[in-house]
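In what follows, a structure is listed as structure tokens, so that the remarks can point back to it.
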Amino acid sequence: MKIILDTNIWYGLFENRNLLKDLDQSLVTPTFLNYFEIIKKRSVVSNPLRSRWIFNKMDEFQILFEPPFVYIAKQYQFYHYKNIVELEDYILFLIRYKKGDYIDPKKVEEFFNYADSVNADFENLSIMYNDEAKKVQNRIKNNKKHIMKDSTIFIKEYLAQIVYLATDKDISQMDFNKIELLVKTLDLYFKRLEIGDLKSTTNDIIDFFMLSYVQPGDLYVTKDKKWRKLIIDCGCEGYLISV
């Protein structure tokens with residue numbers, strides 16, 4: 001069992017050091033996405049005290065330092081992913097930054113360009129989701145029936161495609177109950193995009209990627225109202241815990 005925190009909870013912990021006091025902290029598990037989401041923020045430059053404190057705090061726990069779709073692939077079959085090799089740039093950056101190094105002022109613009117390019121990729125994905133949702137919306141005759149329809153088979157196919165593109169691993173035959181929270185929440189998310197109840201945003205991409213780390217028996221902590229509602233409405237409220 002593990003407890004996964006969305007990144008805003010880690011930011012909240014900087015402001016309130018007692019935020020996790022009611023959790024079993026031996027189960028709290030930082031993820032690669034927590035580090036990644038902080039690294040790609042400009043506040044790494046503008047607020048190094050906060051970023052450095054959070055990185056060092058996360059290091060006090062057992063870490064899942066694997067990208068989300070690598071982690072999914074490993075739920076299906078043995079997969080020796082070489083973190084030190086594949087994520088060398090992130091690891092070296094974190095080692096230096098946590099010890100007190102700052103980003104060289106001469107390279108700040110280069111860093112911002114990197115952050116902007118990453119965010120642009122997520123923005124393009126959210127635009128694609130919205131565009132595809134509009135196409136489906138034109139074919140929907142009954143919103144209620146559309147929401148009630150079991151379309152998780154398409155979510156599983158989509159996730160299998162993403163995992164294959166990210167890892168070259170075929171998970172199409174895996175037991176998708178192992179990532180039930182991700183499958184069911186993403187299914188409802190897409191259907192609400194398609195009936196016009198939601199619009200995809202850049203931040204949504206990381207938010208649903210984070211669910212990749214949550215397996216049956218695990219707990220997830222987020223204060224994001226959109227995602228809490230989606231998780232509850234798709235029948236997965238048992239995964240949620242509050243702080």
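So you can find residues: chains in the structure tokens are A, B, ... in the order shown, residues in each start at 1, and ligands are numbered from 1 in order.
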
Which residues come within 12 Å of A:Ile147, counting only C-alpha atoms, excluding same-chain residues fewer than 2 positions away, as an mmCIF file with N, CA and C atoms, in the first residue's frame?
```cif
data_model
loop_
_atom_site.group_PDB
_atom_site.id
_atom_site.type_symbol
_atom_site.label_atom_id
_atom_site.label_comp_id
_atom_site.auth_asym_id
_atom_site.auth_seq_id
_atom_site.Cartn_x
_atom_site.Cartn_y
_atom_site.Cartn_z
ATOM 1 N N GLN A 137 -19.061 15.299 -29.852
ATOM 2 C CA GLN A 137 -20.244 16.006 -29.354
ATOM 3 C C GLN A 137 -21.304 16.182 -30.441
ATOM 4 N N ILE A 140 -23.498 13.038 -30.590
ATOM 5 C CA ILE A 140 -24.217 12.569 -29.401
ATOM 6 C C ILE A 140 -25.678 13.004 -29.456
ATOM 7 N N LYS A 141 -26.566 12.058 -29.260
ATOM 8 C CA LYS A 141 -27.999 12.354 -29.279
ATOM 9 C C LYS A 141 -28.580 12.480 -27.876
ATOM 10 N N ASN A 142 -27.960 11.806 -26.901
ATOM 11 C CA ASN A 142 -28.458 11.824 -25.525
ATOM 12 C C ASN A 142 -27.281 11.842 -24.570
ATOM 13 N N ASN A 143 -27.072 12.983 -23.898
ATOM 14 C CA ASN A 143 -25.901 13.128 -23.021
ATOM 15 C C ASN A 143 -25.897 12.113 -21.885
ATOM 16 N N LYS A 144 -27.075 11.869 -21.307
ATOM 17 C CA LYS A 144 -27.146 10.950 -20.168
ATOM 18 C C LYS A 144 -26.746 9.542 -20.590
ATOM 19 N N LYS A 145 -27.254 9.094 -21.748
ATOM 20 C CA LYS A 145 -26.902 7.760 -22.237
ATOM 21 C C LYS A 145 -25.416 7.686 -22.566
ATOM 22 N N LYS A 149 -22.693 5.023 -20.818
ATOM 23 C CA LYS A 149 -22.121 3.983 -21.679
ATOM 24 C C LYS A 149 -20.750 3.536 -21.172
ATOM 25 N N ASP A 150 -20.512 2.226 -21.177
ATOM 26 C CA ASP A 150 -19.211 1.703 -20.768
ATOM 27 C C ASP A 150 -18.254 1.789 -21.953
ATOM 28 N N SER A 151 -17.369 2.753 -21.908
ATOM 29 C CA SER A 151 -16.414 2.943 -22.999
ATOM 30 C C SER A 151 -14.978 2.723 -22.527
ATOM 31 N N THR A 152 -14.825 2.015 -21.388
ATOM 32 C CA THR A 152 -13.477 1.816 -20.842
ATOM 33 C C THR A 152 -12.591 1.005 -21.781
ATOM 34 N N LYS A 184 -10.961 4.394 -15.054
ATOM 35 C CA LYS A 184 -12.328 4.866 -14.815
ATOM 36 C C LYS A 184 -12.407 6.391 -14.770
ATOM 37 N N ASP A 187 -11.916 7.750 -18.322
ATOM 38 C CA ASP A 187 -13.111 7.479 -19.116
ATOM 39 C C ASP A 187 -14.176 8.546 -18.871
ATOM 40 N N LEU A 188 -14.439 8.838 -17.601
ATOM 41 C CA LEU A 188 -15.442 9.855 -17.276
ATOM 42 C C LEU A 188 -14.974 11.239 -17.711
ATOM 43 N N TYR A 189 -13.705 11.520 -17.559
ATOM 44 C CA TYR A 189 -13.138 12.808 -17.980
ATOM 45 C C TYR A 189 -13.390 13.050 -19.469
ATOM 46 N N PHE A 190 -13.060 12.064 -20.298
ATOM 47 C CA PHE A 190 -13.261 12.223 -21.736
ATOM 48 C C PHE A 190 -14.742 12.375 -22.079
ATOM 49 N N LYS A 191 -15.606 11.613 -21.410
ATOM 50 C CA LYS A 191 -17.030 11.697 -21.715
ATOM 51 C C LYS A 191 -17.601 13.058 -21.322
ATOM 52 N N ARG A 192 -17.097 13.637 -20.248
ATOM 53 C CA ARG A 192 -17.567 14.968 -19.868
ATOM 54 C C ARG A 192 -17.011 16.046 -20.795
ATOM 55 N N LEU A 193 -15.849 15.804 -21.362
ATOM 56 C CA LEU A 193 -15.369 16.694 -22.423
ATOM 57 C C LEU A 193 -16.311 16.610 -23.618
ATOM 58 N N GLU A 194 -16.733 15.402 -23.929
ATOM 59 C CA GLU A 194 -17.526 15.161 -25.138
ATOM 60 C C GLU A 194 -18.945 15.720 -25.052
ATOM 61 N N ILE A 195 -19.490 15.822 -23.839
ATOM 62 C CA ILE A 195 -20.833 16.413 -23.723
ATOM 63 C C ILE A 195 -20.757 17.904 -23.384
ATOM 64 N N GLY A 196 -19.541 18.420 -23.270
ATOM 65 C CA GLY A 196 -19.363 19.854 -23.042
ATOM 66 C C GLY A 196 -19.393 20.291 -21.601
ATOM 67 N N ASP A 197 -19.370 19.333 -20.659
ATOM 68 C CA ASP A 197 -19.366 19.689 -19.244
ATOM 69 C C ASP A 197 -17.992 20.152 -18.764
ATOM 70 N N ASP A 233 -17.359 10.537 -8.789
ATOM 71 C CA ASP A 233 -18.471 10.262 -9.710
ATOM 72 C C ASP A 233 -18.257 9.006 -10.533
ATOM 73 N N CYS A 234 -17.003 8.589 -10.725
ATOM 74 C CA CYS A 234 -16.762 7.344 -11.474
ATOM 75 C C CYS A 234 -16.734 6.130 -10.560
#
```

Do a neighbour search on A:Phe176 at 10 Å with only C-alpha atoms, toss out local chain neighbours closer than 6 positions, and write the hits as a ChimeraX atom specification. /A:72,75-76,152-153,156,159-160,182-183

Output the selection as a PDB file, in the first residue's frame - C-alpha atoms for each residue.
```pdb
ATOM      1  CA  ILE A  72       2.250   1.091 -15.830  1.00  0.00           C
ATOM      2  CA  GLN A  75       2.595  -3.586 -13.614  1.00  0.00           C
ATOM      3  CA  TYR A  76       2.210  -5.971 -16.550  1.00  0.00           C
ATOM      4  CA  THR A 152     -13.477   1.816 -20.842  1.00  0.00           C
ATOM      5  CA  ILE A 153     -12.380  -0.563 -23.605  1.00  0.00           C
ATOM      6  CA  LYS A 156      -7.562   0.758 -22.271  1.00  0.00           C
ATOM      7  CA  LEU A 159      -3.438   3.831 -22.643  1.00  0.00           C
ATOM      8  CA  ALA A 160      -1.866   0.776 -24.264  1.00  0.00           C
ATOM      9  CA  LEU A 182      -6.760   5.844 -14.008  1.00  0.00           C
ATOM     10  CA  VAL A 183      -9.021   3.941 -16.431  1.00  0.00           C
TER      11      VAL A 183
END
```

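Nearest residue to A:Gly217, choosing from A:Thr185, A:Ser117, A:Gly235, A:Asn177 and counting only C-alpha atoms: A:Asn177.
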
Between A:Tyr11, A:Lys226, A:Met148, A:Tyr164, single out the one closest to A:Ser43, counting only C-alpha atoms. A:Tyr11

Hey, what's within 12 Å of A:Asn203 if we count only C-alpha atoms and toss same-chain stuff fewer than 6 positions away? As a list in words, please? Asp6, Thr7, Asn8, Glu37, Lys41, Val118, Asn119, Ala120, Asp121, Phe122, Glu123, Asn124, Leu125, Ser126, Ile127, Phe209, Met210, Asp224, Lys226 and Trp227 of chain A

From A:Val85, A:Met1, A:Glu157, A:Asn56, residue lying nearest A:Asp24 [only C-alpha atoms]: A:Met1

Taking only C-alpha atoms into account, which of A:Gln161, A:Leu94, A:Leu87, A:Phe14 comes nearest A:Leu49? A:Phe14

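Candidate residues A:Ile241, A:Val44, A:Ile205, A:Leu165 were compared for distance to A:Tyr220, and the nearest is A:Ile241, using only C-alpha atoms.
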